[in-house]
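Enquirer: Just so it is clear, I am handing over work-v3.pdb, which has PDB, C-alpha atoms and all ligand atoms.
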ATOM      1  CA  MET X 820      -6.521  -2.829 -20.289  1.00  0.00           C
ATOM      2  CA  THR X 821      -7.133  -2.039 -16.648  1.00  0.00           C
ATOM      3  CA  ARG X 822      -4.155  -1.752 -14.360  1.00  0.00           C
ATOM      4  CA  ILE X 823      -4.719  -0.073 -11.017  1.00  0.00           C
ATOM      5  CA  ILE X 824      -2.165   0.424  -8.256  1.00  0.00           C
ATOM      6  CA  LEU X 825      -3.294   1.458  -4.788  1.00  0.00           C
ATOM      7  CA  ILE X 826      -0.782   3.387  -2.743  1.00  0.00           C
ATOM      8  CA  GLY X 827      -0.817   5.000   0.683  1.00  0.00           C
ATOM      9  CA  TYR X 828       0.420   4.711   4.233  1.00  0.00           C
ATOM     10  CA  MET X 829       0.403   1.450   6.204  1.00  0.00           C
ATOM     11  CA  GLY X 830      -3.070   0.840   7.584  1.00  0.00           C
ATOM     12  CA  ALA X 831      -4.883   2.920   4.948  1.00  0.00           C
ATOM     13  CA  GLY X 832      -6.709  -0.188   3.713  1.00  0.00           C
ATOM     14  CA  LYS X 833      -4.853  -0.766   0.442  1.00  0.00           C
ATOM     15  CA  THR X 834      -5.188  -4.538   0.697  1.00  0.00           C
ATOM     16  CA  THR X 835      -8.798  -4.566   1.932  1.00  0.00           C
ATOM     17  CA  VAL X 836     -10.018  -2.126  -0.696  1.00  0.00           C
ATOM     18  CA  GLY X 837      -7.880  -3.657  -3.444  1.00  0.00           C
ATOM     19  CA  LYS X 838      -9.284  -7.115  -2.794  1.00  0.00           C
ATOM     20  CA  ALA X 839     -12.873  -5.855  -2.758  1.00  0.00           C
ATOM     21  CA  LEU X 840     -12.360  -3.845  -5.959  1.00  0.00           C
ATOM     22  CA  ALA X 841     -10.731  -6.798  -7.713  1.00  0.00           C
ATOM     23  CA  ARG X 842     -13.618  -9.062  -6.707  1.00  0.00           C
ATOM     24  CA  GLU X 843     -16.178  -6.602  -8.128  1.00  0.00           C
ATOM     25  CA  LEU X 844     -14.309  -6.147 -11.372  1.00  0.00           C
ATOM     26  CA  GLY X 845     -13.455  -9.840 -11.700  1.00  0.00           C
ATOM     27  CA  LEU X 846      -9.741  -9.067 -11.940  1.00  0.00           C
ATOM     28  CA  PRO X 847      -6.831 -10.791 -10.205  1.00  0.00           C
ATOM     29  CA  PHE X 848      -5.578  -9.082  -7.069  1.00  0.00           C
ATOM     30  CA  TYR X 849      -1.913  -8.769  -6.139  1.00  0.00           C
ATOM     31  CA  ASP X 850      -0.422  -7.440  -2.936  1.00  0.00           C
ATOM     32  CA  LEU X 851       3.225  -6.485  -3.397  1.00  0.00           C
ATOM     33  CA  ASP X 852       4.230  -7.627   0.108  1.00  0.00           C
ATOM     34  CA  TRP X 853       2.532 -11.000  -0.292  1.00  0.00           C
ATOM     35  CA  TYR X 854       4.159 -11.438  -3.686  1.00  0.00           C
ATOM     36  CA  ILE X 855       7.580 -10.709  -2.187  1.00  0.00           C
ATOM     37  CA  GLU X 856       6.928 -13.135   0.668  1.00  0.00           C
ATOM     38  CA  GLU X 857       5.958 -15.923  -1.704  1.00  0.00           C
ATOM     39  CA  ARG X 858       8.815 -15.293  -4.082  1.00  0.00           C
ATOM     40  CA  PHE X 859      11.468 -15.219  -1.347  1.00  0.00           C
ATOM     41  CA  ARG X 860       9.774 -17.699   1.006  1.00  0.00           C
ATOM     42  CA  ARG X 861      10.405 -15.216   3.798  1.00  0.00           C
ATOM     43  CA  THR X 862       8.092 -12.927   5.741  1.00  0.00           C
ATOM     44  CA  ILE X 863       8.596  -9.169   5.407  1.00  0.00           C
ATOM     45  CA  PRO X 864      10.007  -8.951   8.973  1.00  0.00           C
ATOM     46  CA  GLN X 865      12.473 -11.752   8.118  1.00  0.00           C
ATOM     47  CA  ILE X 866      13.628  -9.901   5.002  1.00  0.00           C
ATOM     48  CA  PHE X 867      14.128  -6.703   7.020  1.00  0.00           C
ATOM     49  CA  ALA X 868      16.066  -8.669   9.656  1.00  0.00           C
ATOM     50  CA  GLU X 869      18.273 -10.457   7.126  1.00  0.00           C
ATOM     51  CA  LYS X 870      18.867  -7.766   4.511  1.00  0.00           C
ATOM     52  CA  GLY X 871      18.018  -4.526   6.301  1.00  0.00           C
ATOM     53  CA  GLU X 872      15.618  -1.923   4.971  1.00  0.00           C
ATOM     54  CA  ASP X 873      17.947  -1.130   2.024  1.00  0.00           C
ATOM     55  CA  GLY X 874      17.893  -4.759   0.933  1.00  0.00           C
ATOM     56  CA  PHE X 875      14.125  -4.869   1.263  1.00  0.00           C
ATOM     57  CA  ARG X 876      13.729  -1.714  -0.864  1.00  0.00           C
ATOM     58  CA  ARG X 877      15.832  -3.204  -3.651  1.00  0.00           C
ATOM     59  CA  ILE X 878      13.775  -6.378  -3.658  1.00  0.00           C
ATOM     60  CA  GLU X 879      10.589  -4.338  -3.538  1.00  0.00           C
ATOM     61  CA  GLN X 880      11.626  -2.342  -6.601  1.00  0.00           C
ATOM     62  CA  ASN X 881      12.581  -5.459  -8.577  1.00  0.00           C
ATOM     63  CA  VAL X 882       9.335  -7.194  -7.770  1.00  0.00           C
ATOM     64  CA  LEU X 883       7.341  -4.030  -8.543  1.00  0.00           C
ATOM     65  CA  HIS X 884       8.859  -4.010 -12.021  1.00  0.00           C
ATOM     66  CA  GLU X 885       7.709  -7.573 -12.510  1.00  0.00           C
ATOM     67  CA  VAL X 886       4.145  -7.309 -11.196  1.00  0.00           C
ATOM     68  CA  ALA X 887       3.408  -3.885 -12.688  1.00  0.00           C
ATOM     69  CA  GLU X 888       3.888  -5.405 -16.148  1.00  0.00           C
ATOM     70  CA  PHE X 889       0.943  -7.775 -15.680  1.00  0.00           C
ATOM     71  CA  GLU X 890      -2.163  -6.670 -17.529  1.00  0.00           C
ATOM     72  CA  ASP X 891      -5.662  -6.333 -16.081  1.00  0.00           C
ATOM     73  CA  ILE X 892      -4.765  -6.455 -12.414  1.00  0.00           C
ATOM     74  CA  ILE X 893      -5.359  -4.626  -9.180  1.00  0.00           C
ATOM     75  CA  LEU X 894      -2.145  -4.186  -7.187  1.00  0.00           C
ATOM     76  CA  SER X 895      -1.687  -2.923  -3.650  1.00  0.00           C
ATOM     77  CA  SER X 896       1.778  -1.519  -3.148  1.00  0.00           C
ATOM     78  CA  GLY X 897       3.601  -1.442   0.178  1.00  0.00           C
ATOM     79  CA  GLY X 898       3.315   1.731   2.238  1.00  0.00           C
ATOM     80  CA  GLY X 899       6.880   2.751   1.426  1.00  0.00           C
ATOM     81  CA  THR X 900       6.982   1.689  -2.234  1.00  0.00           C
ATOM     82  CA  PRO X 901       6.222   5.118  -3.768  1.00  0.00           C
ATOM     83  CA  CYS X 902       8.881   6.819  -1.645  1.00  0.00           C
ATOM     84  CA  PHE X 903      12.013   5.049  -2.930  1.00  0.00           C
ATOM     85  CA  PHE X 904      13.971   5.248  -6.199  1.00  0.00           C
ATOM     86  CA  ASP X 905      11.788   6.415  -9.069  1.00  0.00           C
ATOM     87  CA  ASN X 906       9.011   4.020  -8.065  1.00  0.00           C
ATOM     88  CA  MET X 907       6.262   6.640  -8.047  1.00  0.00           C
ATOM     89  CA  GLU X 908       7.115   7.878 -11.516  1.00  0.00           C
ATOM     90  CA  TYR X 909       7.370   4.304 -12.724  1.00  0.00           C
ATOM     91  CA  MET X 910       3.965   3.378 -11.283  1.00  0.00           C
ATOM     92  CA  ASN X 911       2.349   6.467 -12.825  1.00  0.00           C
ATOM     93  CA  GLY X 912       3.724   5.371 -16.183  1.00  0.00           C
ATOM     94  CA  GLN X 913       2.369   1.860 -15.808  1.00  0.00           C
ATOM     95  CA  ALA X 914      -1.010   2.252 -14.167  1.00  0.00           C
ATOM     96  CA  MET X 915      -3.865   4.291 -12.799  1.00  0.00           C
ATOM     97  CA  THR X 916      -2.403   5.083  -9.401  1.00  0.00           C
ATOM     98  CA  VAL X 917      -4.720   5.898  -6.511  1.00  0.00           C
ATOM     99  CA  TYR X 918      -3.638   7.366  -3.190  1.00  0.00           C
ATOM    100  CA  LEU X 919      -5.838   6.078  -0.386  1.00  0.00           C
ATOM    101  CA  LYS X 920      -5.528   8.986   1.966  1.00  0.00           C
ATOM    102  CA  ALA X 921      -6.265   8.821   5.694  1.00  0.00           C
ATOM    103  CA  THR X 922      -5.584  11.037   8.699  1.00  0.00           C
ATOM    104  CA  PRO X 923      -2.820  10.107  11.175  1.00  0.00           C
ATOM    105  CA  GLU X 924      -5.523   9.446  13.797  1.00  0.00           C
ATOM    106  CA  ILE X 925      -7.318   6.896  11.611  1.00  0.00           C
ATOM    107  CA  LEU X 926      -4.040   5.247  10.613  1.00  0.00           C
ATOM    108  CA  PHE X 927      -3.113   4.996  14.284  1.00  0.00           C
ATOM    109  CA  GLN X 928      -6.412   3.232  15.071  1.00  0.00           C
ATOM    110  CA  HIS X 929      -5.795   0.727  12.275  1.00  0.00           C
ATOM    111  CA  LEU X 930      -2.120   0.159  13.096  1.00  0.00           C
ATOM    112  CA  LYS X 931      -2.297  -0.134  16.892  1.00  0.00           C
ATOM    113  CA  MET X 932      -3.218  -3.813  16.662  1.00  0.00           C
ATOM    114  CA  GLY X 933      -1.001  -4.920  13.764  1.00  0.00           C
ATOM    115  CA  LYS X 934       2.260  -3.388  14.960  1.00  0.00           C
ATOM    116  CA  THR X 935       4.217  -6.616  15.219  1.00  0.00           C
ATOM    117  CA  GLU X 936       3.779  -7.614  11.553  1.00  0.00           C
ATOM    118  CA  ARG X 937       5.340  -4.344  10.432  1.00  0.00           C
ATOM    119  CA  PRO X 938       9.054  -4.021  11.113  1.00  0.00           C
ATOM    120  CA  LEU X 939       8.993  -0.221  11.015  1.00  0.00           C
ATOM    121  CA  LEU X 940       6.454  -0.104  13.865  1.00  0.00           C
ATOM    122  CA  LYS X 941       7.637  -2.960  16.038  1.00  0.00           C
ATOM    123  CA  GLY X 942       8.209  -2.235  19.716  1.00  0.00           C
ATOM    124  CA  LYS X 943       6.752   1.278  19.667  1.00  0.00           C
ATOM    125  CA  THR X 944       4.527   2.511  22.482  1.00  0.00           C
ATOM    126  CA  ASP X 945       1.224   4.119  21.465  1.00  0.00           C
ATOM    127  CA  GLU X 946       2.727   7.548  21.871  1.00  0.00           C
ATOM    128  CA  GLU X 947       5.809   6.687  19.806  1.00  0.00           C
ATOM    129  CA  LEU X 948       3.595   5.131  17.157  1.00  0.00           C
ATOM    130  CA  MET X 949       1.479   8.281  16.860  1.00  0.00           C
ATOM    131  CA  ASP X 950       4.610  10.460  16.569  1.00  0.00           C
ATOM    132  CA  PHE X 951       6.135   8.135  14.001  1.00  0.00           C
ATOM    133  CA  ILE X 952       2.964   8.157  11.883  1.00  0.00           C
ATOM    134  CA  ARG X 953       2.730  11.956  11.926  1.00  0.00           C
ATOM    135  CA  GLN X 954       6.391  12.436  11.039  1.00  0.00           C
ATOM    136  CA  SER X 955       6.732   9.804   8.369  1.00  0.00           C
ATOM    137  CA  LEU X 956       3.395  10.681   6.783  1.00  0.00           C
ATOM    138  CA  ALA X 957       4.621  14.258   6.399  1.00  0.00           C
ATOM    139  CA  VAL X 958       7.767  12.974   4.660  1.00  0.00           C
ATOM    140  CA  ARG X 959       5.814  10.574   2.447  1.00  0.00           C
ATOM    141  CA  GLU X 960       2.897  12.823   1.527  1.00  0.00           C
ATOM    142  CA  PRO X 961       4.785  14.568  -1.332  1.00  0.00           C
ATOM    143  CA  PHE X 962       5.305  11.146  -2.941  1.00  0.00           C
ATOM    144  CA  TYR X 963       1.784   9.867  -2.337  1.00  0.00           C
ATOM    145  CA  SER X 964       0.256  13.045  -3.668  1.00  0.00           C
ATOM    146  CA  GLN X 965       1.882  12.407  -7.061  1.00  0.00           C
ATOM    147  CA  ALA X 966      -0.666   9.622  -7.615  1.00  0.00           C
ATOM    148  CA  ARG X 967      -2.998  10.280 -10.498  1.00  0.00           C
ATOM    149  CA  TYR X 968      -6.040  10.019  -8.228  1.00  0.00           C
ATOM    150  CA  THR X 969      -6.642  10.531  -4.524  1.00  0.00           C
ATOM    151  CA  LEU X 970      -9.453   9.063  -2.467  1.00  0.00           C
ATOM    152  CA  ASP X 971     -10.046   9.922   1.165  1.00  0.00           C
ATOM    153  CA  VAL X 972     -10.578   6.681   3.044  1.00  0.00           C
ATOM    154  CA  SER X 973     -10.699   8.060   6.567  1.00  0.00           C
ATOM    155  CA  LEU X 974     -14.187   6.632   6.999  1.00  0.00           C
ATOM    156  CA  LEU X 975     -13.284   3.059   6.096  1.00  0.00           C
ATOM    157  CA  ASP X 976     -14.297   0.941   9.012  1.00  0.00           C
ATOM    158  CA  ASP X 977     -17.022  -1.615   8.483  1.00  0.00           C
ATOM    159  CA  TYR X 978     -18.315  -3.645   5.594  1.00  0.00           C
ATOM    160  CA  ASN X 979     -20.562  -0.911   4.178  1.00  0.00           C
ATOM    161  CA  LYS X 980     -17.779   1.592   4.223  1.00  0.00           C
ATOM    162  CA  ILE X 981     -15.546  -0.720   2.244  1.00  0.00           C
ATOM    163  CA  LYS X 982     -18.353  -1.141  -0.271  1.00  0.00           C
ATOM    164  CA  ASP X 983     -18.856   2.619  -0.372  1.00  0.00           C
ATOM    165  CA  THR X 984     -15.153   3.153  -0.912  1.00  0.00           C
ATOM    166  CA  VAL X 985     -15.122   0.695  -3.791  1.00  0.00           C
ATOM    167  CA  ARG X 986     -18.121   2.501  -5.312  1.00  0.00           C
ATOM    168  CA  LEU X 987     -16.371   5.872  -4.961  1.00  0.00           C
ATOM    169  CA  LEU X 988     -13.226   4.424  -6.435  1.00  0.00           C
ATOM    170  CA  ARG X 989     -15.127   3.121  -9.468  1.00  0.00           C
ATOM    171  CA  GLU X 990     -16.750   6.518  -9.956  1.00  0.00           C
ATOM    172  CA  LEU X 991     -13.413   8.268  -9.625  1.00  0.00           C
ATOM    173  CA  LEU X 992     -11.701   5.979 -12.131  1.00  0.00           C
ATOM    174  CA  ASN X 993     -14.731   5.610 -14.360  1.00  0.00           C
ATOM    175  CA  ILE X 994     -14.540   1.814 -14.412  1.00  0.00           C
TER     176      ILE X 994
HETATM  177  C1  LIG H1001       6.158  -0.530   4.756  1.00  0.00           C
HETATM  178  C2  LIG H1001       4.858  -0.967   4.582  1.00  0.00           C
HETATM  179  C3  LIG H1001       4.486  -2.387   4.561  1.00  0.00           C
HETATM  180  C4  LIG H1001       5.682  -3.253   4.113  1.00  0.00           C
HETATM  181  C5  LIG H1001       6.893  -2.939   4.942  1.00  0.00           C
HETATM  182  C6  LIG H1001       7.301  -1.469   4.864  1.00  0.00           C
HETATM  183  C7  LIG H1001       6.418   0.932   4.780  1.00  0.00           C
HETATM  184  O1  LIG H1001       3.375  -2.564   3.692  1.00  0.00           O
HETATM  185  O2  LIG H1001       5.951  -3.063   2.755  1.00  0.00           O
HETATM  186  O3  LIG H1001       6.608  -3.313   6.260  1.00  0.00           O
HETATM  187  O4  LIG H1001       7.568   1.352   4.616  1.00  0.00           O
HETATM  188  O5  LIG H1001       5.440   1.708   4.951  1.00  0.00           O
HETATM  189  P1  LIG H1001       1.844  -2.189   4.113  1.00  0.00           P
HETATM  190  O6  LIG H1001       1.628  -0.740   3.771  1.00  0.00           O
HETATM  191  O7  LIG H1001       1.044  -3.087   3.247  1.00  0.00           O
HETATM  192  O8  LIG H1001       1.708  -2.467   5.569  1.00  0.00           O
END
What's the structure tokens form of this structure?
Expert:
Amino acid sequence: MTRIILIGYMGAGKTTVGKALARELGLPFYDLDWYIEERFRRTIPQIFAEKGEDGFRRIEQNVLHEVAEFEDIILSSGGGTPCFFDNMEYMNGQAMTVYLKATPEILFQHLKMGKTERPLLKGKTDEELMDFIRQSLAVREPFYSQARYTLDVSLLDDYNKIKDTVRLLRELLNI
């Protein structure tokens, strides 16, 4: 049974890498945010607006407990998933967890464009975004680093790099 959960900060490439890995392994791919959006027929920003971050975190935990029971899947968690409740411990018990690690500078490059889809980043200037990434990454790092495996994805940028990352991931996990 192969169950892999990718974790890491927003913009680290969890979804991109997860999809590519799932395609190579011929396994179904799940993205926790997409699953939540389908289940609740609401976008993530709508859920934040209607239920607040606390409400979102409760939903996220419930849905995690559902999806992380599926067998033979690749799952991308949300950037905050490992940092609430006992989610990190739970994920380590259920799956091979991999932290896709990237520097604040790389995350900033990836997040600059997609700010509006992410409620935590909405409305921030570039400078505020950079500060927010540095600060929240420092708070989250102790959770992320509990993953069973860590892969540095700072170089993920074009097609070849995604392929290289998938290759490294397969070597790391021996799959
Ligand atoms: C969040 C990350 C998002 C999404 C929500 C909150 C976070 O997922 O779950 O906007 O707290 O880091 P991605 O990491 O897929 O953007």
Enquirer: Residues within 7 Å of Ser964 (chain X), please, as a list of chain:residue names. Count all atoms listed in the file; anything in the same chain fewer than 3 positions from it doesn't count.
Expert: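 Within the cut-off, the hits are X:Tyr918, X:Glu960, X:Pro961.
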Enquirer: Please write as an MDAnalysis selection string the full residue list that the PyMOL selection byres (((chain X and resi 834) around 12) and not hetatm) yields on this file.
Expert: chainID X and resid 824:833 835:841 848:853 893:898 919 981
Enquirer: Would you kindly return, as a list in words, each protein, DNA or RNA residue with an atom no farther than 9 Å from any atom of His884 (chain X), considering all atoms listed in the file and excluding same-chain residues fewer than 3 positions away?
Expert: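 So the residues in contact are Glu879, Gln880, Asn881, Ala887, Glu888, Asn906, Tyr909 and Met910 of chain X.
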Enquirer: Can I get the selection written as a PDB file, in the coordinates of the input, with C-alpha atoms?
Expert:
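Now in selection_18.pdb:
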ATOM      1  CA  GLU X 879      10.589  -4.338  -3.538  1.00  0.00           C
ATOM      2  CA  GLN X 880      11.626  -2.342  -6.601  1.00  0.00           C
ATOM      3  CA  ASN X 881      12.581  -5.459  -8.577  1.00  0.00           C
ATOM      4  CA  ALA X 887       3.408  -3.885 -12.688  1.00  0.00           C
ATOM      5  CA  GLU X 888       3.888  -5.405 -16.148  1.00  0.00           C
ATOM      6  CA  ASN X 906       9.011   4.020  -8.065  1.00  0.00           C
ATOM      7  CA  TYR X 909       7.370   4.304 -12.724  1.00  0.00           C
ATOM      8  CA  MET X 910       3.965   3.378 -11.283  1.00  0.00           C
TER       9      MET X 910
END
Enquirer: One decimal, Å: what's the distance from CA of Thr821 (chain X) over to CA of Asp891 (chain X), could you say?
Expert: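 For CA of Thr821 (chain X) relative to CA of Asp891 (chain X), the distance reads 4.6 Å.
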Enquirer: CA of Val886 (chain X) to CA of Arg822 (chain X): how many Å, to one decimal?
Expert: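 Computed distance, CA of Val886 (chain X) to CA of Arg822 (chain X), equals 10.5 Å.
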Enquirer: Edge lengths and centre in Å to one decimal, as lines of an AutoDock Vina configuration file, is what I'm after for the box along x, y and z that holds all listed atoms of ligand LIG 1001 (chain H) once 5 Å is added on each side.
Expert:
center_x = 4.3
center_y = -0.8
center_z = 4.5
size_x = 16.5
size_y = 15.0
size_z = 13.5
Enquirer: Closest to Arg953 (chain X) among X:Phe867, X:Phe927, X:Phe859, X:Tyr968, using all atoms listed in the file?
Expert: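 Among X:Phe867, X:Phe927, X:Phe859, X:Tyr968, it is X:Phe927 that comes nearest to Arg953 (chain X).
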Enquirer: At what distance in Å, to one decimal, does CA of Lys934 (chain X) lie from CA of Thr862 (chain X)?
Expert: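 The value is 14.5 Å.
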Enquirer: Can you spell out as a short mmCIF file (atom, residue, chain, number, x, y, z; two decimals) with C-alpha atoms, keeping the file's coordinate frame the set of residues that the PyMOL selection byres (((chain X and resi 938) around 9) and not hetatm) selects in the structure I just provided?
Expert:
data_model
loop_
_atom_site.label_atom_id
_atom_site.label_comp_id
_atom_site.auth_asym_id
_atom_site.auth_seq_id
_atom_site.Cartn_x
_atom_site.Cartn_y
_atom_site.Cartn_z
CA ILE X 863 8.60 -9.17 5.41
CA PRO X 864 10.01 -8.95 8.97
CA GLN X 865 12.47 -11.75 8.12
CA PHE X 867 14.13 -6.70 7.02
CA ALA X 868 16.07 -8.67 9.66
CA LYS X 934 2.26 -3.39 14.96
CA THR X 935 4.22 -6.62 15.22
CA GLU X 936 3.78 -7.61 11.55
CA ARG X 937 5.34 -4.34 10.43
CA LEU X 939 8.99 -0.22 11.02
CA LEU X 940 6.45 -0.10 13.86
CA LYS X 941 7.64 -2.96 16.04
CA GLY X 942 8.21 -2.24 19.72
#
Enquirer: Calculated over only C-alpha atoms, which of the candidates X:Leu926, X:Gly933, X:Arg967, X:Ala914 has the smallest distance to Asp950 (chain X)?
Expert: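 Answer, going by the shortest atom-to-atom distance: X:Leu926.
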Enquirer: Measuring atom to atom with only C-alpha atoms and all ligand atoms, identify which of X:Glu947, X:Asp873, X:Glu890, X:Asp971 is nearest to ligand LIG 1001 (chain H).
Expert: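 Once distances to ligand LIG 1001 (chain H) are computed over only C-alpha atoms and all ligand atoms, the minimum belongs to X:Asp873.
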Enquirer: Which is closer to Leu987 (chain X) than all the others in X:Thr969, X:Asn911, X:Thr922, X:Gln928, using only C-alpha atoms?
Expert: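 Closest candidate: X:Thr969.
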Enquirer: Taking only C-alpha atoms and all ligand atoms into account, name the residue in X:Phe889, X:Tyr963, X:Phe904, X:Phe875 that is nearest to ligand LIG 1001 (chain H).
Expert: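 Closest to ligand LIG 1001 (chain H) of all the choices is X:Phe875.
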Enquirer: Determine the nearest neighbour of ligand LIG 1001 (chain H) from the options X:Met820, X:Arg959, X:Asp945, X:Arg860, counting all atoms listed in the file.
Expert: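 The shortest atom-to-atom distance to ligand LIG 1001 (chain H) comes from X:Arg959.
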